[in-house]
$ cat work28.txt   # compact mmCIF, C-alpha atoms
# COMPACT_ATOMS: atom_id res chain seq x y z
CA MET A 1 -66.76 -8.10 -80.80
CA LEU A 2 -67.82 -11.35 -79.16
CA THR A 3 -71.24 -11.77 -77.60
CA PHE A 4 -71.55 -13.95 -74.53
CA GLY A 5 -74.79 -15.20 -73.07
CA LEU A 6 -74.63 -15.21 -69.27
CA ILE A 7 -76.87 -17.21 -66.95
CA ILE A 8 -76.22 -17.49 -63.24
CA ASN A 9 -78.01 -19.97 -61.03
CA PRO A 10 -77.85 -17.78 -57.91
CA PHE A 11 -78.62 -20.69 -55.62
CA ALA A 12 -76.05 -23.09 -57.07
CA GLY A 13 -73.97 -24.70 -54.34
CA ILE A 14 -76.06 -23.22 -51.56
CA GLY A 15 -76.64 -26.59 -49.93
CA GLY A 16 -72.98 -27.60 -49.74
CA SER A 17 -71.74 -25.59 -46.78
CA VAL A 18 -74.73 -26.58 -44.64
CA GLY A 19 -74.42 -30.30 -45.31
CA LEU A 20 -77.28 -30.77 -47.78
CA LYS A 21 -75.05 -32.25 -50.53
CA GLY A 22 -76.79 -30.41 -53.32
CA SER A 23 -79.07 -27.53 -54.26
CA ASP A 24 -81.67 -29.11 -56.55
CA GLY A 25 -85.25 -28.12 -55.84
CA ALA A 26 -87.02 -25.30 -54.03
CA ALA A 27 -87.32 -27.30 -50.80
CA ILE A 28 -83.55 -27.80 -50.56
CA VAL A 29 -82.89 -24.12 -51.31
CA ALA A 30 -85.36 -23.09 -48.59
CA GLU A 31 -83.78 -25.49 -46.09
CA ALA A 32 -80.29 -24.22 -46.94
CA LEU A 33 -81.32 -20.59 -46.41
CA GLN A 34 -82.98 -21.52 -43.14
CA ARG A 35 -79.70 -23.07 -42.01
CA GLY A 36 -77.88 -19.83 -42.77
CA ALA A 37 -76.31 -20.68 -46.12
CA GLU A 38 -74.90 -17.86 -48.24
CA GLN A 39 -75.20 -17.46 -52.00
CA LYS A 40 -71.79 -17.75 -53.66
CA ALA A 41 -72.53 -18.26 -57.34
CA MET A 42 -72.53 -14.54 -58.13
CA ALA A 43 -69.16 -14.00 -56.44
CA ARG A 44 -67.68 -16.93 -58.35
CA THR A 45 -69.03 -15.55 -61.61
CA GLU A 46 -67.57 -12.15 -60.81
CA ALA A 47 -64.18 -13.79 -60.22
CA ALA A 48 -64.38 -15.45 -63.63
CA LEU A 49 -65.45 -12.37 -65.56
CA SER A 50 -62.93 -10.11 -63.81
CA VAL A 51 -60.25 -11.82 -65.92
CA LEU A 52 -61.78 -10.05 -68.95
CA ALA A 53 -61.59 -6.59 -67.39
CA GLU A 54 -58.84 -5.29 -69.67
CA GLN A 55 -60.77 -6.39 -72.75
CA ALA A 56 -64.22 -5.20 -71.80
CA ASP A 57 -64.46 -3.21 -75.03
CA LYS A 58 -64.10 -6.39 -77.08
CA CYS A 59 -67.09 -8.24 -75.68
CA ARG A 60 -70.72 -7.73 -74.78
CA PHE A 61 -73.22 -9.80 -72.84
CA ILE A 62 -76.82 -10.88 -73.13
CA THR A 63 -78.01 -11.76 -69.67
CA CYS A 64 -80.90 -12.22 -67.24
CA PRO A 65 -82.38 -9.70 -64.82
CA ALA A 66 -81.21 -9.29 -61.24
CA ASP A 67 -79.23 -12.10 -59.56
CA MET A 68 -79.19 -14.26 -62.68
CA GLY A 69 -76.61 -12.00 -64.34
CA GLN A 70 -77.46 -8.30 -64.27
CA VAL A 71 -76.11 -7.62 -60.77
CA VAL A 72 -72.67 -9.08 -61.56
CA LEU A 73 -72.32 -7.27 -64.88
CA ASP A 74 -73.32 -3.97 -63.26
CA SER A 75 -70.62 -4.45 -60.63
CA LEU A 76 -68.00 -5.05 -63.32
CA GLY A 77 -69.18 -2.32 -65.69
CA TYR A 78 -69.72 -4.57 -68.72
CA GLU A 79 -72.06 -3.70 -71.57
CA TYR A 80 -75.11 -5.95 -71.63
CA GLN A 81 -78.61 -6.49 -72.95
CA LEU A 82 -81.34 -7.99 -70.80
CA ILE A 83 -83.68 -10.72 -71.92
CA ASN A 84 -87.29 -10.95 -70.75
CA LEU A 85 -88.03 -13.54 -68.11
CA PRO A 86 -91.55 -13.89 -66.69
CA ALA A 87 -91.79 -12.48 -63.19
CA HIS A 88 -92.80 -14.96 -60.49
CA SER A 89 -92.79 -15.20 -56.74
CA GLY A 90 -90.07 -17.14 -54.97
CA ALA A 91 -86.55 -18.08 -55.92
CA THR A 92 -85.36 -18.49 -59.50
CA ASN A 93 -85.61 -22.06 -60.71
CA ALA A 94 -84.57 -24.53 -63.40
CA GLU A 95 -87.33 -23.37 -65.73
CA ASP A 96 -85.88 -19.85 -65.64
CA THR A 97 -82.52 -21.26 -66.68
CA ARG A 98 -84.03 -23.21 -69.57
CA LYS A 99 -86.08 -20.26 -70.86
CA ALA A 100 -83.05 -17.97 -70.63
CA ALA A 101 -80.84 -20.39 -72.53
CA GLN A 102 -83.40 -20.72 -75.32
CA GLN A 103 -83.86 -16.96 -75.66
CA MET A 104 -80.12 -16.38 -75.79
CA ALA A 105 -79.65 -19.19 -78.31
CA ALA A 106 -81.94 -17.31 -80.68
CA MET A 107 -79.90 -14.09 -80.34
CA ASN A 108 -76.70 -15.17 -82.12
CA ILE A 109 -74.49 -15.47 -79.05
CA ASP A 110 -70.97 -16.76 -79.58
CA VAL A 111 -70.69 -18.67 -76.29
CA LEU A 112 -73.22 -19.40 -73.56
CA VAL A 113 -71.57 -18.89 -70.17
CA PHE A 114 -73.35 -20.21 -67.11
CA ALA A 115 -72.60 -20.55 -63.42
CA GLY A 116 -73.92 -23.52 -61.51
CA GLY A 117 -73.42 -27.21 -60.92
CA ASP A 118 -74.28 -30.40 -62.72
CA GLY A 119 -78.02 -29.75 -62.39
CA THR A 120 -77.61 -26.43 -64.16
CA ALA A 121 -75.53 -28.08 -66.88
CA ARG A 122 -78.36 -30.55 -67.44
CA ASP A 123 -80.86 -27.70 -67.75
CA ILE A 124 -78.67 -25.97 -70.35
CA LEU A 125 -78.17 -29.23 -72.28
CA ASN A 126 -81.91 -29.93 -72.42
CA ALA A 127 -82.84 -26.35 -73.30
CA LEU A 128 -80.48 -26.14 -76.26
CA ALA A 129 -81.56 -29.55 -77.53
CA GLU A 130 -85.23 -28.52 -77.45
CA VAL A 131 -84.62 -25.62 -79.85
CA ASP A 132 -82.06 -27.44 -81.99
CA LYS A 133 -79.20 -25.20 -80.83
CA SER A 134 -76.87 -27.86 -79.44
CA HIS A 135 -74.08 -26.55 -81.69
CA ILE A 136 -73.68 -23.40 -79.56
CA PRO A 137 -70.48 -23.56 -77.46
CA VAL A 138 -70.98 -23.41 -73.70
CA LEU A 139 -68.66 -22.86 -70.75
CA GLY A 140 -69.49 -23.39 -67.11
CA VAL A 141 -68.24 -21.42 -64.11
CA PRO A 142 -68.05 -23.99 -61.29
CA ALA A 143 -70.43 -22.93 -58.52
CA GLY A 144 -72.36 -26.05 -57.52
CA VAL A 145 -71.98 -28.78 -54.95
CA LYS A 146 -71.69 -31.43 -57.68
CA ILE A 147 -69.19 -30.72 -60.44
CA HIS A 148 -68.73 -33.99 -62.33
CA SER A 149 -69.46 -32.69 -65.82
CA GLY A 150 -66.61 -31.82 -68.16
CA VAL A 151 -68.12 -28.49 -69.20
CA TYR A 152 -66.63 -26.38 -66.39
CA GLY A 153 -63.37 -24.59 -65.86
CA VAL A 154 -61.27 -26.15 -63.11
CA THR A 155 -61.78 -22.89 -61.16
CA PRO A 156 -63.77 -19.69 -61.78
CA ASN A 157 -60.54 -17.94 -62.82
CA ALA A 158 -59.77 -20.76 -65.24
CA SER A 159 -63.17 -20.26 -66.88
CA GLY A 160 -62.29 -16.59 -67.23
CA GLU A 161 -58.97 -17.46 -68.84
CA VAL A 162 -60.75 -19.49 -71.52
CA LEU A 163 -63.05 -16.54 -72.29
CA ASN A 164 -60.05 -14.23 -72.28
CA ALA A 165 -58.32 -16.42 -74.86
CA LEU A 166 -61.41 -16.23 -77.06
CA VAL A 167 -61.60 -12.45 -76.83
CA SER A 168 -57.86 -12.17 -77.50
CA GLY A 169 -58.19 -14.09 -80.74
CA GLN A 170 -56.08 -17.02 -79.60
CA LEU A 171 -56.56 -20.48 -81.04
CA VAL A 172 -59.12 -22.21 -78.84
CA ASP A 173 -60.22 -25.80 -79.31
CA ILE A 174 -63.89 -26.76 -79.24
CA LYS A 175 -64.51 -30.26 -77.95
CA GLU A 176 -67.51 -32.39 -77.05
CA SER A 177 -67.62 -32.77 -73.26
CA GLU A 178 -69.90 -34.80 -71.04
CA VAL A 179 -72.77 -33.59 -68.91
CA ARG A 180 -73.03 -35.83 -65.86
CA ASP A 181 -75.03 -35.64 -62.68
CA LEU A 182 -75.49 -37.51 -59.42
CA ASP A 183 -78.75 -38.59 -57.85
CA GLU A 184 -78.88 -36.11 -54.94
CA ASP A 185 -81.37 -38.14 -52.89
CA ALA A 186 -79.11 -41.19 -53.13
CA PHE A 187 -76.02 -39.06 -52.44
CA ARG A 188 -77.56 -37.89 -49.15
CA GLN A 189 -77.74 -41.56 -48.18
CA ASP A 190 -74.03 -41.99 -49.05
CA ILE A 191 -74.84 -43.73 -52.35
CA VAL A 192 -72.86 -42.29 -55.27
CA ARG A 193 -74.90 -42.90 -58.44
CA ALA A 194 -73.77 -40.96 -61.51
CA ARG A 195 -75.40 -40.84 -64.91
CA HIS A 196 -74.43 -39.55 -68.34
CA PHE A 197 -76.98 -37.16 -69.90
CA GLY A 198 -75.27 -36.02 -73.08
CA GLU A 199 -72.52 -33.81 -74.48
CA MET A 200 -72.08 -30.10 -75.12
CA ARG A 201 -69.47 -28.28 -77.16
CA VAL A 202 -66.96 -26.58 -74.88
CA PRO A 203 -64.07 -24.19 -75.69
CA GLN A 204 -60.83 -25.54 -74.22
CA VAL A 205 -57.41 -24.02 -73.58
CA GLY A 206 -54.59 -25.96 -71.98
CA HIS A 207 -55.61 -27.33 -68.59
CA PHE A 208 -58.24 -24.70 -67.81
CA VAL A 209 -61.27 -26.94 -68.49
CA GLN A 210 -61.68 -29.87 -66.14
CA ALA A 211 -61.78 -33.48 -67.21
CA VAL A 212 -65.00 -35.32 -66.50
CA LYS A 213 -65.24 -36.47 -62.88
CA GLN A 214 -61.69 -35.46 -62.07
CA GLY A 215 -60.86 -31.84 -61.32
CA GLY A 216 -57.72 -32.34 -59.28
CA VAL A 217 -56.93 -35.25 -56.95
CA GLU A 218 -58.87 -38.35 -57.96
CA SER A 219 -61.50 -39.46 -55.46
CA GLU A 220 -61.37 -43.25 -55.42
CA GLU A 221 -64.92 -43.57 -54.08
CA LEU A 222 -66.38 -41.43 -56.84
CA VAL A 223 -64.30 -43.04 -59.58
CA LEU A 224 -65.25 -46.55 -58.52
CA ALA A 225 -68.89 -45.49 -58.43
CA ASP A 226 -68.56 -44.04 -61.92
CA ILE A 227 -66.94 -47.21 -63.26
CA ALA A 228 -69.59 -49.35 -61.59
CA ALA A 229 -72.41 -47.23 -63.05
CA TYR A 230 -70.91 -47.56 -66.52
CA ILE A 231 -70.51 -51.36 -66.29
CA ARG A 232 -74.01 -51.71 -64.84
CA GLU A 233 -75.45 -49.84 -67.82
CA GLU A 234 -73.44 -52.03 -70.19
CA ILE A 235 -74.79 -55.17 -68.52
CA GLU A 236 -78.34 -53.85 -68.80
CA GLU A 237 -77.79 -52.99 -72.48
CA ASN A 238 -76.55 -56.53 -73.24
CA PRO A 239 -79.28 -58.95 -72.17
CA ASP A 240 -78.46 -62.65 -72.06
CA THR A 241 -74.73 -61.88 -71.98
CA LEU A 242 -72.79 -63.70 -69.28
CA TYR A 243 -70.36 -61.50 -67.35
CA PHE A 244 -67.53 -62.96 -65.32
CA ILE A 245 -66.68 -60.47 -62.56
CA GLY A 246 -63.13 -60.86 -61.31
CA SER A 247 -61.65 -60.50 -57.86
CA GLY A 248 -60.72 -57.35 -55.97
CA LYS A 249 -62.21 -54.24 -54.41
CA THR A 250 -62.45 -52.45 -57.75
CA THR A 251 -64.80 -55.08 -59.17
CA GLN A 252 -66.64 -55.25 -55.86
CA ALA A 253 -68.00 -51.77 -56.64
CA ILE A 254 -69.75 -53.26 -59.67
CA MET A 255 -71.42 -55.99 -57.65
CA ASP A 256 -72.44 -53.42 -55.04
CA GLU A 257 -73.98 -51.33 -57.81
CA LEU A 258 -75.92 -54.41 -58.99
CA GLY A 259 -76.97 -55.20 -55.43
CA LEU A 260 -75.35 -58.64 -55.60
CA PRO A 261 -72.96 -60.45 -53.21
CA HIS A 262 -69.33 -60.60 -54.31
CA THR A 263 -66.49 -63.02 -53.82
CA LEU A 264 -63.61 -60.71 -52.97
CA LEU A 265 -60.89 -63.21 -53.94
CA GLY A 266 -62.78 -65.18 -56.57
CA VAL A 267 -64.74 -65.00 -59.82
CA ASP A 268 -68.52 -64.60 -59.96
CA ALA A 269 -70.86 -64.91 -62.95
CA VAL A 270 -73.74 -62.53 -63.69
CA CYS A 271 -76.37 -62.50 -66.42
CA ASN A 272 -79.39 -60.21 -66.76
CA ASN A 273 -78.52 -58.62 -63.40
CA GLU A 274 -78.78 -62.00 -61.66
CA LEU A 275 -76.02 -63.91 -59.90
CA ILE A 276 -75.51 -67.17 -61.84
CA ALA A 277 -72.57 -68.62 -59.92
CA THR A 278 -70.19 -67.58 -57.15
CA ASP A 279 -66.50 -68.27 -56.58
CA ILE A 280 -66.28 -70.51 -59.62
CA ASN A 281 -63.18 -72.42 -60.66
CA GLU A 282 -61.73 -73.04 -64.11
CA GLN A 283 -63.99 -76.05 -64.80
CA GLY A 284 -67.06 -74.12 -63.71
CA ILE A 285 -66.14 -71.24 -66.02
CA LEU A 286 -65.57 -73.59 -68.96
CA ALA A 287 -68.96 -75.20 -68.35
CA LEU A 288 -70.69 -71.82 -68.38
CA LEU A 289 -68.88 -70.85 -71.57
CA GLU A 290 -70.57 -73.78 -73.27
CA GLN A 291 -73.99 -72.57 -72.13
CA TYR A 292 -73.66 -68.87 -72.98
CA PRO A 293 -72.64 -67.87 -76.52
CA GLN A 294 -72.35 -64.23 -75.47
CA ARG A 295 -69.88 -63.64 -72.67
CA LYS A 296 -67.44 -61.10 -71.26
CA ALA A 297 -65.07 -60.77 -68.32
CA VAL A 298 -64.64 -57.65 -66.20
CA LEU A 299 -61.29 -57.57 -64.45
CA SER A 300 -59.27 -55.12 -62.39
CA ILE A 301 -55.53 -54.45 -62.48
CA MET A 302 -53.30 -55.58 -59.65
CA GLY A 303 -52.03 -52.44 -57.97
CA GLY A 304 -48.30 -51.83 -57.98
CA GLN A 305 -47.58 -54.74 -60.32
CA GLY A 306 -49.90 -54.22 -63.26
CA HIS A 307 -50.81 -57.88 -63.72
CA ILE A 308 -54.18 -58.59 -65.27
CA PHE A 309 -53.80 -62.40 -65.45
CA GLY A 310 -51.77 -64.86 -63.45
CA ARG A 311 -52.02 -63.15 -60.07
CA GLY A 312 -55.02 -64.06 -57.93
CA ASN A 313 -57.24 -65.07 -60.87
CA GLN A 314 -55.80 -68.36 -62.08
CA GLN A 315 -59.38 -69.56 -62.60
CA LEU A 316 -59.16 -67.52 -65.81
CA SER A 317 -56.76 -69.99 -67.35
CA ALA A 318 -55.27 -69.89 -70.81
CA ALA A 319 -58.02 -72.26 -71.97
CA VAL A 320 -60.68 -69.89 -70.60
CA LEU A 321 -58.99 -66.85 -72.11
CA ARG A 322 -58.75 -68.43 -75.53
CA GLN A 323 -62.49 -69.09 -75.51
CA LEU A 324 -63.31 -65.61 -74.25
CA GLY A 325 -61.04 -63.75 -76.65
CA LYS A 326 -59.19 -60.53 -75.97
CA ALA A 327 -62.04 -58.41 -77.35
CA ASN A 328 -64.31 -59.66 -74.57
CA ILE A 329 -61.99 -58.65 -71.74
CA GLN A 330 -63.08 -55.44 -70.00
CA LEU A 331 -60.34 -53.99 -67.79
CA ILE A 332 -61.22 -51.42 -65.13
CA SER A 333 -58.95 -49.30 -62.97
CA THR A 334 -58.60 -45.92 -61.33
CA LYS A 335 -56.16 -43.57 -63.02
CA THR A 336 -54.27 -43.33 -59.75
CA LYS A 337 -53.49 -47.04 -59.95
CA ILE A 338 -52.37 -46.68 -63.57
CA LEU A 339 -50.12 -43.73 -62.74
CA ALA A 340 -48.53 -45.74 -59.92
CA LEU A 341 -47.09 -48.07 -62.58
CA GLU A 342 -44.88 -45.16 -63.69
CA GLY A 343 -45.10 -46.05 -67.36
CA ARG A 344 -44.62 -49.81 -66.98
CA PRO A 345 -46.91 -51.94 -69.18
CA LEU A 346 -49.75 -54.10 -67.96
CA LEU A 347 -48.70 -57.74 -67.70
CA MET A 348 -50.03 -61.16 -68.72
CA ASP A 349 -48.79 -64.34 -67.08
CA SER A 350 -51.40 -66.84 -68.21
CA GLY A 351 -48.99 -69.78 -68.18
CA ASP A 352 -49.22 -69.99 -71.98
CA ALA A 353 -46.33 -68.04 -73.53
CA GLU A 354 -47.88 -68.23 -76.99
CA LEU A 355 -51.16 -66.72 -75.78
CA ASP A 356 -49.33 -64.02 -73.82
CA SER A 357 -47.39 -63.09 -76.95
CA GLU A 358 -50.54 -63.06 -79.11
CA TRP A 359 -52.34 -60.66 -76.76
CA ALA A 360 -49.37 -58.33 -76.22
CA GLY A 361 -49.66 -54.84 -77.68
CA SER A 362 -52.31 -52.55 -76.31
CA ILE A 363 -55.57 -52.86 -74.43
CA GLU A 364 -58.26 -50.41 -73.35
CA VAL A 365 -58.96 -49.70 -69.68
CA VAL A 366 -62.18 -48.19 -68.32
CA THR A 367 -61.14 -45.48 -65.85
CA GLY A 368 -64.51 -43.81 -65.27
CA TYR A 369 -67.97 -43.35 -66.65
CA ARG A 370 -67.54 -43.54 -70.44
CA ASP A 371 -63.91 -42.72 -69.82
CA GLN A 372 -61.30 -45.05 -71.29
CA ILE A 373 -57.56 -45.02 -71.86
CA VAL A 374 -55.24 -47.21 -73.92
CA GLN A 375 -52.42 -49.01 -72.12
CA SER A 376 -49.50 -51.14 -73.27
CA LEU A 377 -49.89 -54.85 -72.56
CA GLY A 378 -46.76 -56.95 -72.24
CA CYS A 379 -45.75 -60.37 -70.98
$ encode --input "work28.txt" --output "structure tokens"
Amino acid sequence: MLTFGLIINPFAGIGGSVGLKGSDGAAIVAEALQRGAEQKAMARTEAALSVLAEQADKCRFITCPADMGQVVLDSLGYEYQLINLPAHSGATNAEDTRKAAQQMAAMNIDVLVFAGGDGTARDILNALAEVDKSHIPVLGVPAGVKIHSGVYGVTPNASGEVLNALVSGQLVDIKESEVRDLDEDAFRQDIVRARHFGEMRVPQVGHFVQAVKQGGVESEELVLADIAAYIREEIEENPDTLYFIGSGKTTQAIMDELGLPHTLLGVDAVCNNELIATDINEQGILALLEQYPQRKAVLSIMGGQGHIFGRGNQQLSAAVLRQLGKANIQLISTKTKILALEGRPLLMDSGDAELDSEWAGSIEVVTGYRDQIVQSLGC
């Protein structure tokens, strides 16, 4: 018999339907309720656990009192054991989630199941780390406004299918998946700022568990923000490194993230989060290469064609590329743009056939926050 820990954040997602873009904090929860928002996390958890109905005798639960788990399990008729949570006035909060996770972690659960959003995932991540229980597998039931982390099923039913596979004795993979979250205050001002907080071990079956940041149709705005956040962090982690930022709207997201002006159809140079030069030509780039021993170039892929050199960025000449080196080229792209190539390779047309041939093979492309793919590079 498998033992599941169950924690429900009953106020997860409560701010979404009333336009609050999140549910973090007692003030937001109170405002959402005042606006007439309805709690949906319990219903979504019930949908997930209903998938296990025919195998109820093969699993048991350790859960929290009242809306944090007990009510749902009572409605489904599952066997469960309650943990002790200190009584307090007001709505349940993040501290309740953390205390519950730590108690359950000490009770030999097989999987910790939780319903919430990215804020709840962060609470679970931190709680398990504090008691050195990060090895415990977790699985999220998506119930929040923000679901960027890769620890959730793509739907509540999909989360249930993963649990069902576990109970049925099927082969289930366990993989490290990211916990990510947005800055809600910034999001309410239409600024998408994502951050990586860590990884948790997640059971995975087929396509039931969502990929990080992408649970369905790719949102270009969110993906560009994720890429920009990742590159910004890399720039901050590499002081005194000169970054050439190439042309295009994809790279513009990086400059927006840095708060710097951008030459849409040119190449700019950045070092230590400061703009060193704008719209520089080949000679200007070569001069900067002599001044900065550490340097990289961040470039986007030309949509529809797949060119990375030779189309709109001739400033990055063969002479420049030879000095930079392939290892210092950072390609960025949305997966939608990559898929539009329909399997065709990325292309070099530097004007130097020998260089193009030397670089042909494969190259990595950043497609999200700490999310990279390998693509063929031809000439």
$ atom_distance --input "work28.txt" --atom1 "atom CA of Gln291 of chain A" --atom2 "atom CA of Thr241 of chain A"
10.7 Å
$ residues_near_point --input "work28.txt" --point "(-73.6, -15.4, -58.5)" --cutoff "8 Å" --atoms "all atoms listed in the file" --output "ChimeraX atom specification"
/A:8-11,39-46,67-69,72,115
$ write_last_selection --input "work28.txt" --atoms "C-alpha atoms" --output "JSON list (two decimals), keeping the file's coordinate frame"
[["chain", "number", "residue", "atom", "x", "y", "z"],
["A", 8, "ILE", "CA", -76.22, -17.49, -63.24],
["A", 9, "ASN", "CA", -78.01, -19.97, -61.03],
["A", 10, "PRO", "CA", -77.85, -17.78, -57.91],
["A", 11, "PHE", "CA", -78.62, -20.69, -55.62],
["A", 39, "GLN", "CA", -75.20, -17.46, -52.00],
["A", 40, "LYS", "CA", -71.79, -17.75, -53.66],
["A", 41, "ALA", "CA", -72.53, -18.26, -57.34],
["A", 42, "MET", "CA", -72.53, -14.54, -58.13],
["A", 43, "ALA", "CA", -69.16, -14.00, -56.44],
["A", 44, "ARG", "CA", -67.68, -16.93, -58.35],
["A", 45, "THR", "CA", -69.03, -15.55, -61.61],
["A", 46, "GLU", "CA", -67.57, -12.15, -60.81],
["A", 67, "ASP", "CA", -79.23, -12.10, -59.56],
["A", 68, "MET", "CA", -79.19, -14.26, -62.68],
["A", 69, "GLY", "CA", -76.61, -12.00, -64.34],
["A", 72, "VAL", "CA", -72.67, -9.08, -61.56],
["A", 115, "ALA", "CA", -72.60, -20.55, -63.42]]
$ residues_around --input "work28.txt" --residues "Ile280 of chain A" --least-positions-apart "2" --cutoff "6 Å" --atoms "all atoms listed in the file" --output "number ranges by chain"
A: 267, 278, 284
$ residues_near_point --input "work28.txt" --point "(-59.6, -58.4, -59.4)" --cutoff "6 Å" --atoms "only C-alpha atoms" --output "number ranges by chain"
A: 246-248, 299-300
$ atom_distance --input "work28.txt" --atom1 "atom CA of Met255 of chain A" --atom2 "atom CA of Glu364 of chain A"
21.2 Å
$ residues_around --input "work28.txt" --residues "segment 121-133 of chain A" --least-positions-apart "5" --cutoff "12 Å" --atoms "only C-alpha atoms" --output "ChimeraX atom specification"
/A:5-9,12,24,93-116,138-144,146-152,177-182,195-202
$ write_last_selection --input "work28.txt" --atoms "C-alpha atoms" --output "mmCIF file, keeping the file's coordinate frame"
data_model
loop_
_atom_site.group_PDB
_atom_site.id
_atom_site.type_symbol
_atom_site.label_atom_id
_atom_site.label_comp_id
_atom_site.auth_asym_id
_atom_site.auth_seq_id
_atom_site.Cartn_x
_atom_site.Cartn_y
_atom_site.Cartn_z
ATOM 1 C CA GLY A 5 -74.790 -15.200 -73.070
ATOM 2 C CA LEU A 6 -74.630 -15.210 -69.270
ATOM 3 C CA ILE A 7 -76.870 -17.210 -66.950
ATOM 4 C CA ILE A 8 -76.220 -17.490 -63.240
ATOM 5 C CA ASN A 9 -78.010 -19.970 -61.030
ATOM 6 C CA ALA A 12 -76.050 -23.090 -57.070
ATOM 7 C CA ASP A 24 -81.670 -29.110 -56.550
ATOM 8 C CA ASN A 93 -85.610 -22.060 -60.710
ATOM 9 C CA ALA A 94 -84.570 -24.530 -63.400
ATOM 10 C CA GLU A 95 -87.330 -23.370 -65.730
ATOM 11 C CA ASP A 96 -85.880 -19.850 -65.640
ATOM 12 C CA THR A 97 -82.520 -21.260 -66.680
ATOM 13 C CA ARG A 98 -84.030 -23.210 -69.570
ATOM 14 C CA LYS A 99 -86.080 -20.260 -70.860
ATOM 15 C CA ALA A 100 -83.050 -17.970 -70.630
ATOM 16 C CA ALA A 101 -80.840 -20.390 -72.530
ATOM 17 C CA GLN A 102 -83.400 -20.720 -75.320
ATOM 18 C CA GLN A 103 -83.860 -16.960 -75.660
ATOM 19 C CA MET A 104 -80.120 -16.380 -75.790
ATOM 20 C CA ALA A 105 -79.650 -19.190 -78.310
ATOM 21 C CA ALA A 106 -81.940 -17.310 -80.680
ATOM 22 C CA MET A 107 -79.900 -14.090 -80.340
ATOM 23 C CA ASN A 108 -76.700 -15.170 -82.120
ATOM 24 C CA ILE A 109 -74.490 -15.470 -79.050
ATOM 25 C CA ASP A 110 -70.970 -16.760 -79.580
ATOM 26 C CA VAL A 111 -70.690 -18.670 -76.290
ATOM 27 C CA LEU A 112 -73.220 -19.400 -73.560
ATOM 28 C CA VAL A 113 -71.570 -18.890 -70.170
ATOM 29 C CA PHE A 114 -73.350 -20.210 -67.110
ATOM 30 C CA ALA A 115 -72.600 -20.550 -63.420
ATOM 31 C CA GLY A 116 -73.920 -23.520 -61.510
ATOM 32 C CA VAL A 138 -70.980 -23.410 -73.700
ATOM 33 C CA LEU A 139 -68.660 -22.860 -70.750
ATOM 34 C CA GLY A 140 -69.490 -23.390 -67.110
ATOM 35 C CA VAL A 141 -68.240 -21.420 -64.110
ATOM 36 C CA PRO A 142 -68.050 -23.990 -61.290
ATOM 37 C CA ALA A 143 -70.430 -22.930 -58.520
ATOM 38 C CA GLY A 144 -72.360 -26.050 -57.520
ATOM 39 C CA LYS A 146 -71.690 -31.430 -57.680
ATOM 40 C CA ILE A 147 -69.190 -30.720 -60.440
ATOM 41 C CA HIS A 148 -68.730 -33.990 -62.330
ATOM 42 C CA SER A 149 -69.460 -32.690 -65.820
ATOM 43 C CA GLY A 150 -66.610 -31.820 -68.160
ATOM 44 C CA VAL A 151 -68.120 -28.490 -69.200
ATOM 45 C CA TYR A 152 -66.630 -26.380 -66.390
ATOM 46 C CA SER A 177 -67.620 -32.770 -73.260
ATOM 47 C CA GLU A 178 -69.900 -34.800 -71.040
ATOM 48 C CA VAL A 179 -72.770 -33.590 -68.910
ATOM 49 C CA ARG A 180 -73.030 -35.830 -65.860
ATOM 50 C CA ASP A 181 -75.030 -35.640 -62.680
ATOM 51 C CA LEU A 182 -75.490 -37.510 -59.420
ATOM 52 C CA ARG A 195 -75.400 -40.840 -64.910
ATOM 53 C CA HIS A 196 -74.430 -39.550 -68.340
ATOM 54 C CA PHE A 197 -76.980 -37.160 -69.900
ATOM 55 C CA GLY A 198 -75.270 -36.020 -73.080
ATOM 56 C CA GLU A 199 -72.520 -33.810 -74.480
ATOM 57 C CA MET A 200 -72.080 -30.100 -75.120
ATOM 58 C CA ARG A 201 -69.470 -28.280 -77.160
ATOM 59 C CA VAL A 202 -66.960 -26.580 -74.880
#
$ closest_residue --input "work28.txt" --among "A:Pro65, A:Pro203, A:Pro239, A:Pro293" --to "Asn84 of chain A" --atoms "all atoms listed in the file"
A:Pro65
$ residues_around --input "work28.txt" --residues "segment 49-56 of chain A" --least-positions-apart "3" --cutoff "9 Å" --atoms "all atoms listed in the file" --output "PDB file with C-alpha atoms, in the coordinates of the input"
ATOM      1  CA  ARG A  44     -67.680 -16.930 -58.350  1.00  0.00           C
ATOM      2  CA  THR A  45     -69.030 -15.550 -61.610  1.00  0.00           C
ATOM      3  CA  GLU A  46     -67.570 -12.150 -60.810  1.00  0.00           C
ATOM      4  CA  CYS A  59     -67.090  -8.240 -75.680  1.00  0.00           C
ATOM      5  CA  ARG A  60     -70.720  -7.730 -74.780  1.00  0.00           C
ATOM      6  CA  VAL A  72     -72.670  -9.080 -61.560  1.00  0.00           C
ATOM      7  CA  LEU A  73     -72.320  -7.270 -64.880  1.00  0.00           C
ATOM      8  CA  LEU A  76     -68.000  -5.050 -63.320  1.00  0.00           C
ATOM      9  CA  GLY A  77     -69.180  -2.320 -65.690  1.00  0.00           C
ATOM     10  CA  TYR A  78     -69.720  -4.570 -68.720  1.00  0.00           C
ATOM     11  CA  GLU A  79     -72.060  -3.700 -71.570  1.00  0.00           C
ATOM     12  CA  PRO A 156     -63.770 -19.690 -61.780  1.00  0.00           C
ATOM     13  CA  ASN A 157     -60.540 -17.940 -62.820  1.00  0.00           C
ATOM     14  CA  ALA A 158     -59.770 -20.760 -65.240  1.00  0.00           C
ATOM     15  CA  SER A 159     -63.170 -20.260 -66.880  1.00  0.00           C
ATOM     16  CA  GLY A 160     -62.290 -16.590 -67.230  1.00  0.00           C
ATOM     17  CA  GLU A 161     -58.970 -17.460 -68.840  1.00  0.00           C
ATOM     18  CA  LEU A 163     -63.050 -16.540 -72.290  1.00  0.00           C
ATOM     19  CA  ASN A 164     -60.050 -14.230 -72.280  1.00  0.00           C
ATOM     20  CA  VAL A 167     -61.600 -12.450 -76.830  1.00  0.00           C
ATOM     21  CA  SER A 168     -57.860 -12.170 -77.500  1.00  0.00           C
TER      22      SER A 168
END
